[in-house]
Amino acid sequence: MFSDPVPRWRRTEHGHVIQTRGHLGIVYQALSATYTGLGTARTLTVLPDGSTFTARARSKLLRQESGAAGVARRLEEMGAPPPPPGPGEALKQWLDQALVQIGARRQAHPGNHRYLLRVGRTRAERTRTVIGFAPRPYPKHPYGPASPHAASREAACRLVPGAVHPPHSQIA
């Protein structure tokens, strides 16, 4: 199981607002899952609505695979011009320009927190399940447990109250 610790942002006419805070997998910790560290770090392409433009979506579009029309339509709905017909270098250039035009941004991601549960029908089977990763201490929030108070949420996300916080650099 994975939990994404990185907050996601979306744009409005008034600036950036947080969409999700990110999480440490507290529910997985409550289930006594084994924490094994962070998954693979990567750079994400984040669209203006806060969703991620995945490597798979890019591949579908550039190779004109099944689902490519839906990927192109989604980018057009965000303000991109229609794509050129067929695969090739023109389509790749269009995609790169379309992402810049709609305001997609690159965001470094440290990797998701990885939790594992032992499987088996009986306790004996679960006990014999071998986990190939070294267990690590559970991650904890540096500011303590989450609070329903806005000031605590802003502190937890390292935000300054009332300020507009651009999340990361634009795609160039």
# chains A, B, ... in the order shown; residues from 1 in each chain; ligands from 1

call {"tool": "select_by_dssp", "arguments": {"residues": "stretch 16-83 of chain A", "states": "strand (DSSP E)", "output": "number ranges by chain"}}
result
A: 16-20, 34-38, 42-46, 52-53

call {"tool": "residues_around", "arguments": {"residues": "A:Ala33", "least_positions_apart": "4", "cutoff": "8 Å", "atoms": "only C-alpha atoms", "output": "count of residues only"}}
result
6

call {"tool": "residues_around", "arguments": {"residues": "A:Ala72", "least_positions_apart": "5", "cutoff": "8 Å", "atoms": "only C-alpha atoms", "output": "mmCIF file with C-alpha atoms, in the first residue's frame"}}
result
data_model
loop_
_atom_site.group_PDB
_atom_site.id
_atom_site.type_symbol
_atom_site.label_atom_id
_atom_site.label_comp_id
_atom_site.auth_asym_id
_atom_site.auth_seq_id
_atom_site.Cartn_x
_atom_site.Cartn_y
_atom_site.Cartn_z
ATOM 1 C CA LEU A 61 -0.790 10.077 -26.956
ATOM 2 C CA PRO A 82 -6.115 20.647 -31.202
ATOM 3 C CA PRO A 83 -3.237 18.223 -31.835
#

call {"tool": "select_by_dssp", "arguments": {"residues": "stretch 1-170 of chain A", "states": "alpha helix (DSSP H)", "output": "JSON, numbers by chain"}}
result
{"A": [26, 27, 28, 29, 30, 55, 56, 57, 58, 59, 60, 61, 62, 63, 68, 69, 70, 71, 72, 73, 74, 75, 76, 77, 89, 90, 91, 92, 93, 94, 95, 96, 97, 98, 99, 100, 101, 102, 123, 124, 125, 126, 127, 128, 150, 151, 152, 153, 154, 155, 156]}

call {"tool": "closest_residue", "arguments": {"among": "A:Arg42, A:Gln97, A:Gly22, A:Arg121", "to": "A:Thr54", "atoms": "only C-alpha atoms"}}
result
A:Arg42

call {"tool": "closest_residue", "arguments": {"among": "A:Gln101, A:Pro87, A:Gly111, A:Pro142", "to": "A:Ala69", "atoms": "only C-alpha atoms"}}
result
A:Pro87

call {"tool": "residues_around", "arguments": {"residues": "A:Gln107", "least_positions_apart": "3", "cutoff": "7 Å", "atoms": "only C-alpha atoms", "output": "list in words"}}
result
Thr43, Leu44, Thr45, Val46 and His168 of chain A

call {"tool": "write_last_selection", "arguments": {"atoms": "N, CA and C atoms", "output": "PDB file, in the first residue's frame"}}
result
ATOM      1  N   THR A  43       9.936  12.893 -11.074  1.00  0.00           N
ATOM      2  CA  THR A  43       9.399  14.216 -11.341  1.00  0.00           C
ATOM      3  C   THR A  43       8.054  14.045 -12.024  1.00  0.00           C
ATOM      4  N   LEU A  44       7.029  14.691 -11.466  1.00  0.00           N
ATOM      5  CA  LEU A  44       5.677  14.591 -12.003  1.00  0.00           C
ATOM      6  C   LEU A  44       5.346  15.803 -12.855  1.00  0.00           C
ATOM      7  N   THR A  45       4.452  15.614 -13.809  1.00  0.00           N
ATOM      8  CA  THR A  45       3.863  16.728 -14.548  1.00  0.00           C
ATOM      9  C   THR A  45       2.476  16.923 -13.968  1.00  0.00           C
ATOM     10  N   VAL A  46       2.267  18.076 -13.330  1.00  0.00           N
ATOM     11  CA  VAL A  46       1.005  18.362 -12.650  1.00  0.00           C
ATOM     12  C   VAL A  46       0.203  19.345 -13.496  1.00  0.00           C
ATOM     13  N   HIS A 168       5.252  25.126  -7.587  1.00  0.00           N
ATOM     14  CA  HIS A 168       6.565  24.809  -8.153  1.00  0.00           C
ATOM     15  C   HIS A 168       6.680  25.491  -9.503  1.00  0.00           C
TER      16      HIS A 168
END

call {"tool": "residues_around", "arguments": {"residues": "A:Leu24", "least_positions_apart": "4", "cutoff": "12 Å", "atoms": "only C-alpha atoms", "output": "PDB file with N, CA and C atoms, in the first residue's frame"}}
result
ATOM      1  N   MET A   1       0.856  -1.158   0.000  1.00  0.00           N
ATOM      2  CA  MET A   1       0.000   0.000   0.000  1.00  0.00           C
ATOM      3  C   MET A   1       0.906   1.226   0.000  1.00  0.00           C
ATOM      4  N   PHE A   2       0.422   2.286  -0.610  1.00  0.00           N
ATOM      5  CA  PHE A   2       1.217   3.511  -0.686  1.00  0.00           C
ATOM      6  C   PHE A   2       0.412   4.684  -0.153  1.00  0.00           C
ATOM      7  N   SER A   3       1.115   5.657   0.409  1.00  0.00           N
ATOM      8  CA  SER A   3       0.484   6.920   0.789  1.00  0.00           C
ATOM      9  C   SER A   3       1.345   8.039   0.226  1.00  0.00           C
ATOM     10  N   ASP A   4       0.699   9.024  -0.324  1.00  0.00           N
ATOM     11  CA  ASP A   4       1.388  10.127  -0.996  1.00  0.00           C
ATOM     12  C   ASP A   4       1.570  11.283  -0.019  1.00  0.00           C
ATOM     13  N   PRO A   5       2.801  11.610   0.355  1.00  0.00           N
ATOM     14  CA  PRO A   5       3.027  12.666   1.340  1.00  0.00           C
ATOM     15  C   PRO A   5       3.012  14.078   0.760  1.00  0.00           C
ATOM     16  N   VAL A   6       2.940  14.209  -0.555  1.00  0.00           N
ATOM     17  CA  VAL A   6       3.075  15.517  -1.202  1.00  0.00           C
ATOM     18  C   VAL A   6       1.716  16.188  -1.370  1.00  0.00           C
ATOM     19  N   PRO A   7       1.586  17.443  -0.908  1.00  0.00           N
ATOM     20  CA  PRO A   7       0.329  18.178  -1.136  1.00  0.00           C
ATOM     21  C   PRO A   7       0.102  18.411  -2.629  1.00  0.00           C
ATOM     22  N   TYR A  28      -2.730   2.826   7.665  1.00  0.00           N
ATOM     23  CA  TYR A  28      -1.881   1.648   7.495  1.00  0.00           C
ATOM     24  C   TYR A  28      -1.081   1.391   8.766  1.00  0.00           C
ATOM     25  N   GLN A  29      -0.645   2.473   9.425  1.00  0.00           N
ATOM     26  CA  GLN A  29       0.063   2.316  10.692  1.00  0.00           C
ATOM     27  C   GLN A  29      -0.861   1.699  11.736  1.00  0.00           C
ATOM     28  N   ALA A  30      -2.114   2.134  11.744  1.00  0.00           N
ATOM     29  CA  ALA A  30      -3.083   1.588  12.703  1.00  0.00           C
ATOM     30  C   ALA A  30      -3.343   0.098  12.454  1.00  0.00           C
ATOM     31  N   TYR A  35       6.202  -0.666   7.603  1.00  0.00           N
ATOM     32  CA  TYR A  35       6.658   0.467   6.795  1.00  0.00           C
ATOM     33  C   TYR A  35       8.041   0.132   6.269  1.00  0.00           C
ATOM     34  N   GLY A  37       9.799   2.334   3.932  1.00  0.00           N
ATOM     35  CA  GLY A  37      10.472   3.493   3.348  1.00  0.00           C
ATOM     36  C   GLY A  37       9.710   4.081   2.183  1.00  0.00           C
ATOM     37  N   LEU A  38      10.415   4.909   1.436  1.00  0.00           N
ATOM     38  CA  LEU A  38       9.817   5.595   0.293  1.00  0.00           C
ATOM     39  C   LEU A  38       9.998   4.779  -0.981  1.00  0.00           C
ATOM     40  N   GLY A 111       8.787  10.270  -3.641  1.00  0.00           N
ATOM     41  CA  GLY A 111       8.334   8.882  -3.613  1.00  0.00           C
ATOM     42  C   GLY A 111       7.241   8.728  -2.568  1.00  0.00           C
ATOM     43  N   ASN A 112       6.371   7.767  -2.770  1.00  0.00           N
ATOM     44  CA  ASN A 112       5.289   7.510  -1.819  1.00  0.00           C
ATOM     45  C   ASN A 112       5.789   6.642  -0.676  1.00  0.00           C
ATOM     46  N   HIS A 113       5.166   6.803   0.488  1.00  0.00           N
ATOM     47  CA  HIS A 113       5.464   5.921   1.608  1.00  0.00           C
ATOM     48  C   HIS A 113       4.923   4.531   1.264  1.00  0.00           C
ATOM     49  N   ARG A 114       5.727   3.494   1.526  1.00  0.00           N
ATOM     50  CA  ARG A 114       5.364   2.125   1.169  1.00  0.00           C
ATOM     51  C   ARG A 114       5.092   1.308   2.431  1.00  0.00           C
ATOM     52  N   TYR A 115       3.921   0.683   2.483  1.00  0.00           N
ATOM     53  CA  TYR A 115       3.514  -0.175   3.599  1.00  0.00           C
ATOM     54  C   TYR A 115       3.180  -1.558   3.063  1.00  0.00           C
ATOM     55  N   TYR A 138       7.834   4.094  11.588  1.00  0.00           N
ATOM     56  CA  TYR A 138       6.756   4.804  10.904  1.00  0.00           C
ATOM     57  C   TYR A 138       7.100   6.284  10.754  1.00  0.00           C
ATOM     58  N   PRO A 139       6.740   6.882   9.614  1.00  0.00           N
ATOM     59  CA  PRO A 139       6.936   8.331   9.478  1.00  0.00           C
ATOM     60  C   PRO A 139       5.918   9.068  10.340  1.00  0.00           C
ATOM     61  N   LYS A 140       6.333  10.151  10.923  1.00  0.00           N
ATOM     62  CA  LYS A 140       5.451  10.977  11.746  1.00  0.00           C
ATOM     63  C   LYS A 140       5.506  12.395  11.217  1.00  0.00           C
ATOM     64  N   HIS A 141       4.436  13.119  11.402  1.00  0.00           N
ATOM     65  CA  HIS A 141       4.378  14.507  10.962  1.00  0.00           C
ATOM     66  C   HIS A 141       5.299  15.343  11.843  1.00  0.00           C
ATOM     67  N   PRO A 142       6.120  16.207  11.245  1.00  0.00           N
ATOM     68  CA  PRO A 142       7.068  16.983  12.047  1.00  0.00           C
ATOM     69  C   PRO A 142       6.402  17.954  13.014  1.00  0.00           C
ATOM     70  N   GLY A 144       3.516  17.253  14.704  1.00  0.00           N
ATOM     71  CA  GLY A 144       2.589  16.553  15.573  1.00  0.00           C
ATOM     72  C   GLY A 144       1.357  16.117  14.808  1.00  0.00           C
ATOM     73  N   PRO A 145       0.358  15.586  15.503  1.00  0.00           N
ATOM     74  CA  PRO A 145      -0.848  15.092  14.831  1.00  0.00           C
ATOM     75  C   PRO A 145      -1.625  16.216  14.161  1.00  0.00           C
ATOM     76  N   ALA A 146      -2.392  15.854  13.144  1.00  0.00           N
ATOM     77  CA  ALA A 146      -3.200  16.834  12.414  1.00  0.00           C
ATOM     78  C   ALA A 146      -4.252  17.444  13.337  1.00  0.00           C
TER      79      ALA A 146
END

call {"tool": "closest_residue", "arguments": {"among": "A:Leu47, A:His23, A:Ala98, A:Thr36", "to": "A:Glu76", "atoms": "only C-alpha atoms"}}
result
A:Ala98
